[in-house]
Amino acid sequence: MTNPMSLKGQNVIVTGAAQGIGEAVSKLVVDLGGRAIMVDLQEEKLGALADELGVENAEYHVGSVADPGFVQEMVNNAVAKNGTINGLVNNAGIVRAAMLNKMPIETWQQVIDVNLSGVFYCLQAVGRHMYERAKSGDTSPSSIVNISSDAGRRGTIGQINYGAAKSGVMGLTMSAAREYAAKQVRVNSVCFGVVETEMTETIRSEKFRDGIMAQVPMKRFSTPKEVSEPVCFLLSPASSYITGQHLSVNGGYTIGV
């Protein structure tokens, strides 16, 4: 039986790949037969991960998704080396917490630059490649997965910059899906709850843990490996008729939302 989740022969860009969710997604892409094109600022971690996955299965590019020049150059180089880009996982993100009435403009802008503008830059650069490839008659798979958050659905306290960016990612997803659908380029988002990563250490601490867990019907947080699987589902042929959707992966935190 053919594995509907197979990514054999597919080249997938994963941003924020050096740790956490991005690392887990990169590993699963390779496990499913694909090639992981990993992007992050953390060169040492990226290099170690690329060595672990093997040169035939992975490559890496060091830079910031908030720099549109770097993003376009990275995509150009990845296309030149691999021929096609079949998938993009817009995962890179940062957190800079502060209450609304105390948030410095710089803190607002840093998160918007990475978590929203960075998604747009990658979406545009990879989307152009996929769209033009489809226009030429190439029917290779093309799927983009943007990582959003429950913060974009419900709002969040102390992270209005993050919530606004993640809500914006959902808007980018729907608009891009409509523009690209005729060329069979699919664009979806995944909205995570609390995943056990370095970024969520504060909200998983004793001070906040019980309050958050009380709102999660499944009564646990998720692991990077666990959430990497629905991301790769949206990259794979198993989701070939799904576009413009927001998949909640959160233990039931947003049931009915």
# chains A, B, ... in the order shown; residues from 1 in each chain; ligands from 1

call {"tool": "select_by_dssp", "arguments": {"residues": "stretch 97-167 of chain A", "states": "helix (DSSP H, G or I)", "output": "JSON list (two decimals) with N, CA and C atoms, in the first residue's frame"}}
result
[["chain", "number", "residue", "atom", "x", "y", "z"],
["A", 100, "LEU", "N", 0.04, 45.38, 27.30],
["A", 100, "LEU", "CA", -0.30, 46.35, 26.26],
["A", 100, "LEU", "C", 0.11, 47.77, 26.61],
["A", 101, "ASN", "N", -0.24, 48.23, 27.80],
["A", 101, "ASN", "CA", 0.03, 49.64, 28.12],
["A", 101, "ASN", "C", 1.47, 49.90, 28.50],
["A", 102, "LYS", "N", 2.31, 48.85, 28.52],
["A", 102, "LYS", "CA", 3.73, 49.03, 28.83],
["A", 102, "LYS", "C", 4.64, 48.56, 27.70],
["A", 105, "ILE", "N", 7.49, 50.26, 21.57],
["A", 105, "ILE", "CA", 7.27, 50.09, 20.13],
["A", 105, "ILE", "C", 8.26, 49.09, 19.55],
["A", 106, "GLU", "N", 9.49, 49.10, 20.05],
["A", 106, "GLU", "CA", 10.51, 48.18, 19.53],
["A", 106, "GLU", "C", 10.10, 46.72, 19.78],
["A", 107, "THR", "N", 9.50, 46.47, 20.94],
["A", 107, "THR", "CA", 9.07, 45.11, 21.28],
["A", 107, "THR", "C", 7.93, 44.66, 20.38],
["A", 108, "TRP", "N", 7.00, 45.56, 20.12],
["A", 108, "TRP", "CA", 5.92, 45.28, 19.16],
["A", 108, "TRP", "C", 6.51, 44.94, 17.80],
["A", 109, "GLN", "N", 7.41, 45.79, 17.31],
["A", 109, "GLN", "CA", 7.91, 45.67, 15.95],
["A", 109, "GLN", "C", 8.76, 44.42, 15.75],
["A", 110, "GLN", "N", 9.55, 44.05, 16.75],
["A", 110, "GLN", "CA", 10.39, 42.86, 16.62],
["A", 110, "GLN", "C", 9.56, 41.62, 16.33],
["A", 111, "VAL", "N", 8.46, 41.46, 17.04],
["A", 111, "VAL", "CA", 7.61, 40.28, 16.85],
["A", 111, "VAL", "C", 6.86, 40.34, 15.52],
["A", 112, "ILE", "N", 6.37, 41.50, 15.18],
["A", 112, "ILE", "CA", 5.68, 41.65, 13.88],
["A", 112, "ILE", "C", 6.64, 41.36, 12.73],
["A", 113, "ASP", "N", 7.88, 41.84, 12.84],
["A", 113, "ASP", "CA", 8.87, 41.65, 11.78],
["A", 113, "ASP", "C", 9.13, 40.17, 11.50],
["A", 114, "VAL", "N", 9.28, 39.39, 12.57],
["A", 114, "VAL", "CA", 9.60, 37.96, 12.40],
["A", 114, "VAL", "C", 8.34, 37.13, 12.17],
["A", 115, "ASN", "N", 7.35, 37.29, 13.04],
["A", 115, "ASN", "CA", 6.20, 36.38, 13.07],
["A", 115, "ASN", "C", 5.15, 36.66, 12.01],
["A", 116, "LEU", "N", 5.12, 37.88, 11.48],
["A", 116, "LEU", "CA", 4.14, 38.20, 10.44],
["A", 116, "LEU", "C", 4.83, 38.57, 9.12],
["A", 117, "SER", "N", 5.67, 39.59, 9.14],
["A", 117, "SER", "CA", 6.35, 39.97, 7.90],
["A", 117, "SER", "C", 7.24, 38.84, 7.38],
["A", 118, "GLY", "N", 7.91, 38.14, 8.30],
["A", 118, "GLY", "CA", 8.77, 37.02, 7.88],
["A", 118, "GLY", "C", 7.98, 35.93, 7.19],
["A", 119, "VAL", "N", 6.77, 35.68, 7.67],
["A", 119, "VAL", "CA", 5.90, 34.69, 7.02],
["A", 119, "VAL", "C", 5.52, 35.17, 5.61],
["A", 120, "PHE", "N", 5.19, 36.46, 5.50],
["A", 120, "PHE", "CA", 4.85, 37.01, 4.19],
["A", 120, "PHE", "C", 6.01, 36.90, 3.21],
["A", 121, "TYR", "N", 7.22, 37.27, 3.65],
["A", 121, "TYR", "CA", 8.38, 37.22, 2.75],
["A", 121, "TYR", "C", 8.60, 35.81, 2.21],
["A", 122, "CYS", "N", 8.55, 34.82, 3.11],
["A", 122, "CYS", "CA", 8.76, 33.43, 2.68],
["A", 122, "CYS", "C", 7.61, 32.93, 1.82],
["A", 123, "LEU", "N", 6.39, 33.26, 2.22],
["A", 123, "LEU", "CA", 5.21, 32.87, 1.46],
["A", 123, "LEU", "C", 5.26, 33.44, 0.05],
["A", 124, "GLN", "N", 5.66, 34.69, -0.07],
["A", 124, "GLN", "CA", 5.73, 35.33, -1.38],
["A", 124, "GLN", "C", 6.84, 34.72, -2.25],
["A", 125, "ALA", "N", 8.03, 34.57, -1.68],
["A", 125, "ALA", "CA", 9.16, 34.08, -2.46],
["A", 125, "ALA", "C", 8.95, 32.64, -2.92],
["A", 126, "VAL", "N", 8.51, 31.78, -2.01],
["A", 126, "VAL", "CA", 8.27, 30.38, -2.38],
["A", 126, "VAL", "C", 7.03, 30.28, -3.26],
["A", 127, "GLY", "N", 6.00, 31.06, -2.93],
["A", 127, "GLY", "CA", 4.77, 31.04, -3.72],
["A", 127, "GLY", "C", 5.00, 31.43, -5.16],
["A", 128, "ARG", "N", 5.84, 32.42, -5.40],
["A", 128, "ARG", "CA", 6.15, 32.83, -6.78],
["A", 128, "ARG", "C", 6.75, 31.66, -7.55],
["A", 129, "HIS", "N", 7.70, 30.98, -6.91],
["A", 129, "HIS", "CA", 8.34, 29.83, -7.55],
["A", 129, "HIS", "C", 7.31, 28.75, -7.88],
["A", 130, "MET", "N", 6.46, 28.43, -6.91],
["A", 130, "MET", "CA", 5.46, 27.38, -7.12],
["A", 130, "MET", "C", 4.46, 27.77, -8.20],
["A", 131, "TYR", "N", 4.03, 29.01, -8.17],
["A", 131, "TYR", "CA", 3.04, 29.50, -9.13],
["A", 131, "TYR", "C", 3.60, 29.45, -10.56],
["A", 132, "GLU", "N", 4.82, 29.96, -10.72],
["A", 132, "GLU", "CA", 5.43, 29.98, -12.06],
["A", 132, "GLU", "C", 5.72, 28.57, -12.54],
["A", 133, "ARG", "N", 6.10, 27.69, -11.63],
["A", 133, "ARG", "CA", 6.35, 26.30, -12.01],
["A", 133, "ARG", "C", 5.07, 25.66, -12.52],
["A", 134, "ALA", "N", 3.96, 25.93, -11.83],
["A", 134, "ALA", "CA", 2.67, 25.38, -12.25],
["A", 134, "ALA", "C", 2.24, 25.94, -13.59],
["A", 135, "LYS", "N", 2.49, 27.23, -13.82],
["A", 135, "LYS", "CA", 2.14, 27.85, -15.11],
["A", 135, "LYS", "C", 2.86, 27.20, -16.26],
["A", 150, "ASP", "N", -3.10, 29.43, 18.93],
["A", 150, "ASP", "CA", -4.35, 29.76, 19.61],
["A", 150, "ASP", "C", -4.40, 31.24, 19.98],
["A", 151, "ALA", "N", -3.24, 31.84, 20.17],
["A", 151, "ALA", "CA", -3.19, 33.27, 20.48],
["A", 151, "ALA", "C", -3.80, 34.10, 19.36],
["A", 152, "GLY", "N", -3.73, 33.58, 18.14],
["A", 152, "GLY", "CA", -4.33, 34.28, 17.00],
["A", 152, "GLY", "C", -5.82, 34.08, 16.91],
["A", 153, "ARG", "N", -6.35, 33.05, 17.55],
["A", 153, "ARG", "CA", -7.79, 32.78, 17.56],
["A", 153, "ARG", "C", -8.50, 33.46, 18.72],
["A", 154, "ARG", "N", -7.86, 33.43, 19.91],
["A", 154, "ARG", "CA", -8.54, 33.85, 21.14],
["A", 154, "ARG", "C", -7.95, 35.10, 21.78],
["A", 160, "ILE", "N", 0.35, 40.90, 23.15],
["A", 160, "ILE", "CA", -0.54, 41.41, 22.10],
["A", 160, "ILE", "C", 0.17, 41.43, 20.75],
["A", 161, "ASN", "N", 1.48, 41.62, 20.75],
["A", 161, "ASN", "CA", 2.26, 41.58, 19.50],
["A", 161, "ASN", "C", 2.21, 40.19, 18.88],
["A", 162, "TYR", "N", 2.38, 39.19, 19.71],
["A", 162, "TYR", "CA", 2.35, 37.80, 19.24],
["A", 162, "TYR", "C", 0.95, 37.41, 18.75],
["A", 163, "GLY", "N", -0.07, 37.77, 19.54],
["A", 163, "GLY", "CA", -1.44, 37.46, 19.15],
["A", 163, "GLY", "C", -1.83, 38.12, 17.84],
["A", 164, "ALA", "N", -1.44, 39.40, 17.68],
["A", 164, "ALA", "CA", -1.75, 40.11, 16.44],
["A", 164, "ALA", "C", -1.05, 39.47, 15.25],
["A", 165, "ALA", "N", 0.21, 39.10, 15.44],
["A", 165, "ALA", "CA", 0.96, 38.48, 14.35],
["A", 165, "ALA", "C", 0.36, 37.15, 13.94],
["A", 166, "LYS", "N", -0.01, 36.33, 14.93],
["A", 166, "LYS", "CA", -0.54, 35.01, 14.62],
["A", 166, "LYS", "C", -1.94, 35.10, 14.01],
["A", 167, "SER", "N", -2.73, 36.09, 14.42],
["A", 167, "SER", "CA", -4.00, 36.32, 13.75],
["A", 167, "SER", "C", -3.77, 36.76, 12.31]]

call {"tool": "residues_around", "arguments": {"residues": "stretch 236-238 of chain A", "least_positions_apart": "5", "cutoff": "10 Å", "atoms": "only C-alpha atoms", "output": "PDB file with C-alpha atoms, in the first residue's frame"}}
result
ATOM      1  CA  ASN A   3       1.836   5.707   2.119  1.00  0.00           C
ATOM      2  CA  PRO A   4      -0.420   8.778   1.617  1.00  0.00           C
ATOM      3  CA  MET A   5       1.875  10.747   3.940  1.00  0.00           C
ATOM      4  CA  SER A   6       4.966  10.069   1.830  1.00  0.00           C
ATOM      5  CA  LEU A   7       7.128  13.060   0.970  1.00  0.00           C
ATOM      6  CA  LYS A   8       9.472  11.043  -1.222  1.00  0.00           C
ATOM      7  CA  GLN A  10       9.932  16.488  -2.185  1.00  0.00           C
ATOM      8  CA  VAL A  29      10.218  15.397   6.509  1.00  0.00           C
ATOM      9  CA  LEU A  32       8.934  10.514   5.179  1.00  0.00           C
ATOM     10  CA  ASN A  86       7.568  21.449  -3.060  1.00  0.00           C
ATOM     11  CA  GLY A  87       6.854  22.583   0.462  1.00  0.00           C
ATOM     12  CA  PRO A 141       3.170  18.947  -5.400  1.00  0.00           C
ATOM     13  CA  SER A 142       3.124  22.429  -3.888  1.00  0.00           C
ATOM     14  CA  SER A 143       2.044  22.985  -0.280  1.00  0.00           C
ATOM     15  CA  PRO A 230      -0.211  17.228  11.353  1.00  0.00           C
ATOM     16  CA  VAL A 231       2.182  19.713   9.745  1.00  0.00           C
TER      17      VAL A 231
END

call {"tool": "closest_residue", "arguments": {"among": "A:Ile147, A:Val71, A:Val194, A:Ala92", "to": "A:Met218", "atoms": "only C-alpha atoms"}}
result
A:Val194

call {"tool": "closest_residue", "arguments": {"among": "A:Ala98, A:Met174, A:Ile212, A:Leu88", "to": "A:Leu234", "atoms": "only C-alpha atoms"}}
result
A:Leu88

call {"tool": "select_by_dssp", "arguments": {"residues": "stretch 16-137 of chain A", "states": "strand (DSSP E or B)", "output": "mmCIF file with C-alpha atoms, in the first residue's frame"}}
result
data_model
loop_
_atom_site.group_PDB
_atom_site.id
_atom_site.type_symbol
_atom_site.label_atom_id
_atom_site.label_comp_id
_atom_site.auth_asym_id
_atom_site.auth_seq_id
_atom_site.Cartn_x
_atom_site.Cartn_y
_atom_site.Cartn_z
ATOM 1 C CA ARG A 35 14.703 16.670 1.767
ATOM 2 C CA ALA A 36 14.727 19.286 4.529
ATOM 3 C CA ILE A 37 15.970 22.756 3.585
ATOM 4 C CA MET A 38 16.471 24.249 7.025
ATOM 5 C CA VAL A 39 16.576 27.966 7.844
ATOM 6 C CA ASP A 40 17.515 29.626 11.131
ATOM 7 C CA ALA A 58 19.235 18.048 4.362
ATOM 8 C CA GLU A 59 20.867 21.413 3.819
ATOM 9 C CA TYR A 60 20.793 24.637 5.792
ATOM 10 C CA HIS A 61 20.787 28.394 5.276
ATOM 11 C CA VAL A 62 21.689 30.843 8.037
ATOM 12 C CA GLY A 87 6.854 22.583 0.462
ATOM 13 C CA LEU A 88 7.306 25.453 2.889
ATOM 14 C CA VAL A 89 6.758 25.406 6.642
ATOM 15 C CA ASN A 90 6.657 28.973 7.955
ATOM 16 C CA ALA A 98 4.871 42.892 27.793
#

call {"tool": "closest_residue", "arguments": {"among": "A:Ile255, A:Ala48, A:Ala182, A:Ala78", "to": "A:Thr243", "atoms": "only C-alpha atoms"}}
result
A:Ala182

call {"tool": "closest_residue", "arguments": {"among": "A:Val227, A:Val95, A:Ala214, A:Val169", "to": "A:Tyr253", "atoms": "only C-alpha atoms"}}
result
A:Ala214

call {"tool": "residues_around", "arguments": {"residues": "stretch 187-192 of chain A", "least_positions_apart": "4", "cutoff": "6 Å", "atoms": "only C-alpha atoms", "output": "count of residues only"}}
result
18

call {"tool": "closest_residue", "arguments": {"among": "A:Met170, A:Ala24, A:Leu53, A:Ala18", "to": "A:Glu229", "atoms": "only C-alpha atoms"}}
result
A:Ala24

call {"tool": "residues_around", "arguments": {"residues": "A:Asn57", "least_positions_apart": "5", "cutoff": "10 Å", "atoms": "only C-alpha atoms", "output": "NGL selection string"}}
result
:A and (11 or 26-27 or 29-31 or 33-37 or 50-52)

call {"tool": "atom_distance", "arguments": {"atom1": "atom CA of A:Leu41", "atom2": "atom CA of A:Asn76"}}
result
18.2 Å

call {"tool": "atom_distance", "arguments": {"atom1": "atom CA of A:Gly158", "atom2": "atom CA of A:Ile94"}}
result
13.9 Å

call {"tool": "closest_residue", "arguments": {"among": "A:Gly22, A:Met74, A:Ile157, A:Ser240", "to": "A:Leu49", "atoms": "only C-alpha atoms"}}
result
A:Gly22

call {"tool": "decode", "arguments": {"residues": "stretch 219-236 of chain A", "atoms": "N, CA and C atoms", "output": "compact mmCIF listing (two decimals), in the first residue's frame"}}
result
# COMPACT_ATOMS: atom_id res chain seq x y z
N LYS A 219 -5.87 17.61 29.05
CA LYS A 219 -5.10 17.70 30.30
C LYS A 219 -3.60 17.41 30.15
N ARG A 220 -3.06 17.85 29.04
CA ARG A 220 -1.61 17.74 28.86
C ARG A 220 -1.15 18.70 27.79
N PHE A 221 0.14 19.00 27.79
CA PHE A 221 0.73 19.77 26.71
C PHE A 221 1.22 18.79 25.64
N SER A 222 1.54 19.31 24.47
CA SER A 222 2.00 18.45 23.39
C SER A 222 3.51 18.55 23.24
N THR A 223 4.07 17.59 22.53
CA THR A 223 5.51 17.57 22.25
C THR A 223 5.76 18.03 20.82
N PRO A 224 6.96 18.51 20.52
CA PRO A 224 7.28 18.89 19.14
C PRO A 224 7.05 17.76 18.15
N LYS A 225 7.41 16.55 18.52
CA LYS A 225 7.21 15.41 17.61
C LYS A 225 5.74 15.21 17.30
N GLU A 226 4.90 15.32 18.34
CA GLU A 226 3.47 15.10 18.17
C GLU A 226 2.85 16.11 17.21
N VAL A 227 3.27 17.37 17.30
CA VAL A 227 2.66 18.39 16.44
C VAL A 227 3.30 18.43 15.05
N SER A 228 4.47 17.81 14.90
CA SER A 228 5.09 17.79 13.57
C SER A 228 4.29 16.94 12.60
N GLU A 229 3.55 15.97 13.10
CA GLU A 229 2.82 15.04 12.24
C GLU A 229 1.67 15.71 11.49
N PRO A 230 0.81 16.52 12.14
CA PRO A 230 -0.21 17.23 11.35
C PRO A 230 0.37 18.24 10.38
N VAL A 231 1.53 18.81 10.70
CA VAL A 231 2.18 19.71 9.74
C VAL A 231 2.55 18.94 8.48
N CYS A 232 3.16 17.78 8.66
CA CYS A 232 3.57 16.98 7.51
C CYS A 232 2.36 16.39 6.77
N PHE A 233 1.28 16.15 7.50
CA PHE A 233 0.03 15.75 6.82
C PHE A 233 -0.38 16.81 5.81
N LEU A 234 -0.31 18.09 6.19
CA LEU A 234 -0.71 19.17 5.28
C LEU A 234 0.28 19.37 4.15
N LEU A 235 1.51 18.90 4.32
CA LEU A 235 2.47 18.94 3.23
C LEU A 235 2.26 17.80 2.24
N SER A 236 1.64 16.74 2.71
CA SER A 236 1.64 15.48 1.97
C SER A 236 0.44 15.33 1.03
